[in-house]
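Everything below concerns the one structure shown next.
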Amino acid sequence: MRSRLLLAAASLLVIASCNGAQQKRRAVREYISATWEKTLRVHPEDTPDSLLGLPRPYTVPCDEGMFNELYYWDTFFTNEGLIADGRIGIARDNTEDILYLIDKYGFMPNGNRIWYLSRSQPPFAALMVAAVFDATSDTAFVRRAYPTLEKEYAFWQLQRSTPTGLNRYGGEPDEKLLKEMVGTLGKRLGDDFRSKGWSQEQTERFSRHGVAECESGWDFNPRFDRRCEDFCPVDLNALLYGMESRMARFSEIIGRGEEVLWQERAQKRKELIIKYLYSDGAFYDYDWVNGRSSDVVSAAPFVLLFTGALDEDKAQAVVNSLAALEYPAGLAVCADAAYPYKYQWSFPNCWPPLQYMAVKGLDRYGRRDDARRLAASWTTAVENLFARTGKLWEKTTCTDGNVPEGVEYGTPSMMGWTAGTYVCLSKYLHNE
């Protein structure tokens with residue numbers, strides 16, 4: 001009798017726990033659903049305060065406060081959540097606005113502000129077009145987007161190339177921005193440039209690397225030794241592989257006849273990724289100026305799985321890095337190590353876009369147990385933090401799922417990629 005009572009009590013506890021988890025999940029989903037519209041902005045004309053006008057409504061990462069512009073790579077993850085939430089029209093408007101800016105400037109700026117014209121961000125436009133097409137089957141949309149995506153591809157190939165055949169991040173700051181970057185970097189990284197006795201040339205070179213690191217979206221991080229232009233980043237080249245492979249698909253969809261061209265480009269990049277970015281059984285960014293691999297273990301190689309840039313025999317090398325990067329509340333952006341500076345994009349911070357790409361990449365390569373475990377860890381941490389604060393946040397800590405202490409700048413509450421990633425991973429876990 002006692003054993004049956006204990007079993008019944010344990011079952012009730014499990015049911016109560018499941019119900020509590022469901023309630024937390026429902027609370028986050030209801031909050032996101034009610035808040036999407038608050039992130040919409042309409043600005044068809046340029047404004048005197050630096051905003052670049054866009055032809056369609058667009059979403060911004062935050063419903064209030066900072067980050068009230070359309071950002072490039074943020075928008076991909078926002079779009080994924082919007083599509084999963086049935087708001088395909090908003091995702092399409094976002095994508096159309098990004099294509100508009102590529103047409104206008106020859107590349108997608110960091111965001112729709114004048115000062116963001118100095119740089120781009122990780123190239124997700126082709127992936128956004130693919131997501132909209134998959135949701136709508138609109139061949140005419142792909143036909144219109146194709147030459148615009150060709151224009152963006154030319155930007156990366158002509159202005160961000162290296163002698164290796166792989167690509168890098170960069171930037172084209174004017175003199176005013178270079179001076180501003182010195183102040184920005186000094187403030188965010190704690191450098192006193194005057195005490196270094198640097199020449200104007202040294203200061204400008206350092207600032208250019210800073211602009212490039214802003215283009216990487218990982219501003220700032222230990223991966224590039226504060227010499228971002230000198231590196232071929234794993235994630236950038238994985239994304240360009242993703243662009244090349246999707247352009248082959250788009251060519252077939254619209255009858256362009258350029259499938260072989262794009263397939264050859266993708267295959268060549270895959271070979272170069274192995275040649276330069278694979279070292280000692282793992283993937284690292286490559287310092288093409290000094291001819292050596294970085295030694296920083298980061299979550300960037302999971303983008304190789306996300307875009308399908310590896311054959312199966314090399315995929316396990318990325319999976320193995322979970323041992324250094326996986327924590328109770330998600331995937332760390334970089335391994336716990338002694339770095340000379342405290343960075344936003346470093347341990348113990350846990351960023352939503354990396355969770356999304358890691359989970360999707362692991363699932364793509366059949367590592368579903370790893371994918372589901374990681375998705376559950378991060379979404380549970382988000383739910384618990386939301387229960388305490390009533391908000392979503394730009395990033396969390398991988399160790400305990402809390403809001404990180406301010407490093408470089410404070411952590412804002414955020415919809416954007418946090419909401420988009422949460423919706424997708426929640427649906428992934430619970431088959432919703």
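Residues are named by chain letter and number: chains run A, B, ... in the order of the structure tokens, numbers start at 1 in each chain, and ligands are numbered from 1 in the order shown.
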Requested in this report: Using backbone DSSP assignments, extract all alpha helix (DSSP H) residues from region 68-273 of chain A; output them as a ChimeraX atom specification.
Outcome: /A:72-84,88-105,125-136,139-159,175-189,193-196,200-216,234-254,259-272
Query raised in the report: Counting only C-alpha atoms, what is within 9 Å of region 105-111 of chain A, bar same-chain residues fewer than 6 positions away, as a PyMOL selection string?
Result: chain A and resi 52+69-73+98-99+117-123+125+148+151-156+214-215+217
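Comparing the minimum interatomic distances between Ala21 (chain A) and each of A:Glu383, A:Glu432, A:Asp370, A:Glu201, counting only C-alpha atoms, we find that A:Glu383 sits nearest.
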Report task. Mind giving me the straight-line distance from CA of Ser161 (chain A) to CA of Ala282 (chain A) in Å, one decimal? Result -> 23.4 Å
**Report entry** Proximity to Ala299 (chain A) - best of A:Val211, A:Val28, A:Ala332, A:Leu166, only C-alpha atoms
**Finding:** A:Ala332
Report task. Return the single residue from A:Gly257, A:Gly165, A:Gly65, A:Pro57 that is closest to Gly89 (chain A), with distances computed using only C-alpha atoms. Result ->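 The shortest atom-to-atom distance to Gly89 (chain A) comes from A:Pro57.
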Report task. Record the distance separating CA of Val319 (chain A) and CA of Asp363 (chain A), expressed in Å with one decimal. Result ->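 That distance, rounded to one decimal, is 11.1 Å.
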Query raised in the report: Could you name the residues that touch Ile114 (chain A) at 10 Å or less, counting only C-alpha atoms, but leaving out those on the same chain fewer than 6 positions away, as a VMD selection string?
Result: chain A and resid 46 49 to 52
Keeping N, CA and C atoms, export the residues of the selection given above as a short mmCIF file (atom, residue, chain, number, x, y, z; two decimals), in the first residue's frame.
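So part19.cif came out as:
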```
data_model
loop_
_atom_site.label_atom_id
_atom_site.label_comp_id
_atom_site.auth_asym_id
_atom_site.auth_seq_id
_atom_site.Cartn_x
_atom_site.Cartn_y
_atom_site.Cartn_z
N ASP A 46 13.61 58.99 -45.73
CA ASP A 46 14.72 59.27 -44.83
C ASP A 46 14.30 60.36 -43.84
N ASP A 49 17.08 62.71 -38.58
CA ASP A 49 17.91 62.17 -37.51
C ASP A 49 18.66 60.90 -37.93
N SER A 50 18.85 60.70 -39.26
CA SER A 50 19.75 59.66 -39.78
C SER A 50 19.07 58.37 -40.22
N LEU A 51 17.75 58.21 -40.01
CA LEU A 51 17.09 56.97 -40.39
C LEU A 51 16.94 56.88 -41.90
N LEU A 52 17.27 55.74 -42.47
CA LEU A 52 17.09 55.50 -43.90
C LEU A 52 15.68 54.95 -44.14
#
```
Report task. Measuring atom to atom with only C-alpha atoms, identify which of A:Pro55, A:Pro163, A:Gly410, A:Pro301 is nearest to Val42 (chain A). Result -> A:Pro55
**Report entry** Atomic distance CA of Asp235 (chain A) - CA of Tyr169 (chain A), expressed in Å with one decimal
**Finding:**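 Computing the Euclidean distance for CA of Asp235 (chain A) and CA of Tyr169 (chain A) yields 10.8 Å.
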Requested in this report: Mind checking which residues fall within 12 Å of Glu64 (chain A), counting only C-alpha atoms, ignoring those fewer than 4 positions away in the same chain, and posting them as a PyMOL selection string?
Outcome: chain A and resi 35-41+59-60+68-69+412-416
Report task. Determine the nearest neighbour of Ile32 (chain A) from the options A:Phe386, A:Trp378, A:Tyr409, A:Phe124, counting only C-alpha atoms. Result ->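 Selected residue with least distance to Ile32 (chain A): A:Phe386.
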Report task. Please provide as a PyMOL selection string all residues within 12 Å of Ala329 (chain A), with the sequence filter that same-chain residues fewer than 3 positions apart are discarded (counting only C-alpha atoms). Result -> chain A and resi 325-326+332+348-352+355+373-385+395-403
Output for the residues just chosen: C-alpha atoms as a PDB file, in the first residue's frame:
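For reference, again.pdb as written:
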```pdb
ATOM      1  CA  LEU A 325      30.691  24.937 -25.035  1.00  0.00           C
ATOM      2  CA  GLU A 326      27.504  23.316 -23.697  1.00  0.00           C
ATOM      3  CA  ALA A 332      28.401  29.416 -24.738  1.00  0.00           C
ATOM      4  CA  PRO A 348      29.682  33.121 -20.197  1.00  0.00           C
ATOM      5  CA  ASN A 349      27.321  34.859 -22.600  1.00  0.00           C
ATOM      6  CA  CYS A 350      24.763  32.837 -24.500  1.00  0.00           C
ATOM      7  CA  TRP A 351      23.331  34.430 -27.672  1.00  0.00           C
ATOM      8  CA  PRO A 352      20.022  33.321 -29.265  1.00  0.00           C
ATOM      9  CA  GLN A 355      21.387  28.474 -30.206  1.00  0.00           C
ATOM     10  CA  ARG A 373      18.965  18.629 -25.325  1.00  0.00           C
ATOM     11  CA  LEU A 374      20.442  21.988 -26.295  1.00  0.00           C
ATOM     12  CA  ALA A 375      17.062  23.379 -27.356  1.00  0.00           C
ATOM     13  CA  ALA A 376      15.486  22.254 -24.078  1.00  0.00           C
ATOM     14  CA  SER A 377      18.264  23.780 -21.970  1.00  0.00           C
ATOM     15  CA  TRP A 378      18.012  27.183 -23.612  1.00  0.00           C
ATOM     16  CA  THR A 379      14.221  27.421 -23.894  1.00  0.00           C
ATOM     17  CA  THR A 380      13.810  26.345 -20.264  1.00  0.00           C
ATOM     18  CA  ALA A 381      16.271  29.041 -19.198  1.00  0.00           C
ATOM     19  CA  VAL A 382      14.317  31.629 -21.214  1.00  0.00           C
ATOM     20  CA  GLU A 383      11.042  30.510 -19.640  1.00  0.00           C
ATOM     21  CA  ASN A 384      12.444  30.671 -16.126  1.00  0.00           C
ATOM     22  CA  LEU A 385      13.953  34.118 -16.698  1.00  0.00           C
ATOM     23  CA  LYS A 395      21.420  37.486 -24.308  1.00  0.00           C
ATOM     24  CA  THR A 396      21.683  35.393 -21.170  1.00  0.00           C
ATOM     25  CA  THR A 397      24.389  33.532 -19.286  1.00  0.00           C
ATOM     26  CA  CYS A 398      25.000  29.925 -20.291  1.00  0.00           C
ATOM     27  CA  THR A 399      25.772  28.856 -16.736  1.00  0.00           C
ATOM     28  CA  ASP A 400      22.545  29.889 -14.994  1.00  0.00           C
ATOM     29  CA  GLY A 401      20.309  31.619 -17.555  1.00  0.00           C
ATOM     30  CA  ASN A 402      20.432  35.041 -15.925  1.00  0.00           C
ATOM     31  CA  VAL A 403      20.801  38.477 -17.498  1.00  0.00           C
TER      32      VAL A 403
END
```
Query raised in the report: Looking at only C-alpha atoms, which of A:Leu425, A:Ala323, A:Cys334, A:Ala126 is the one that sits closest to Met357 (chain A)?
Result: A:Leu425
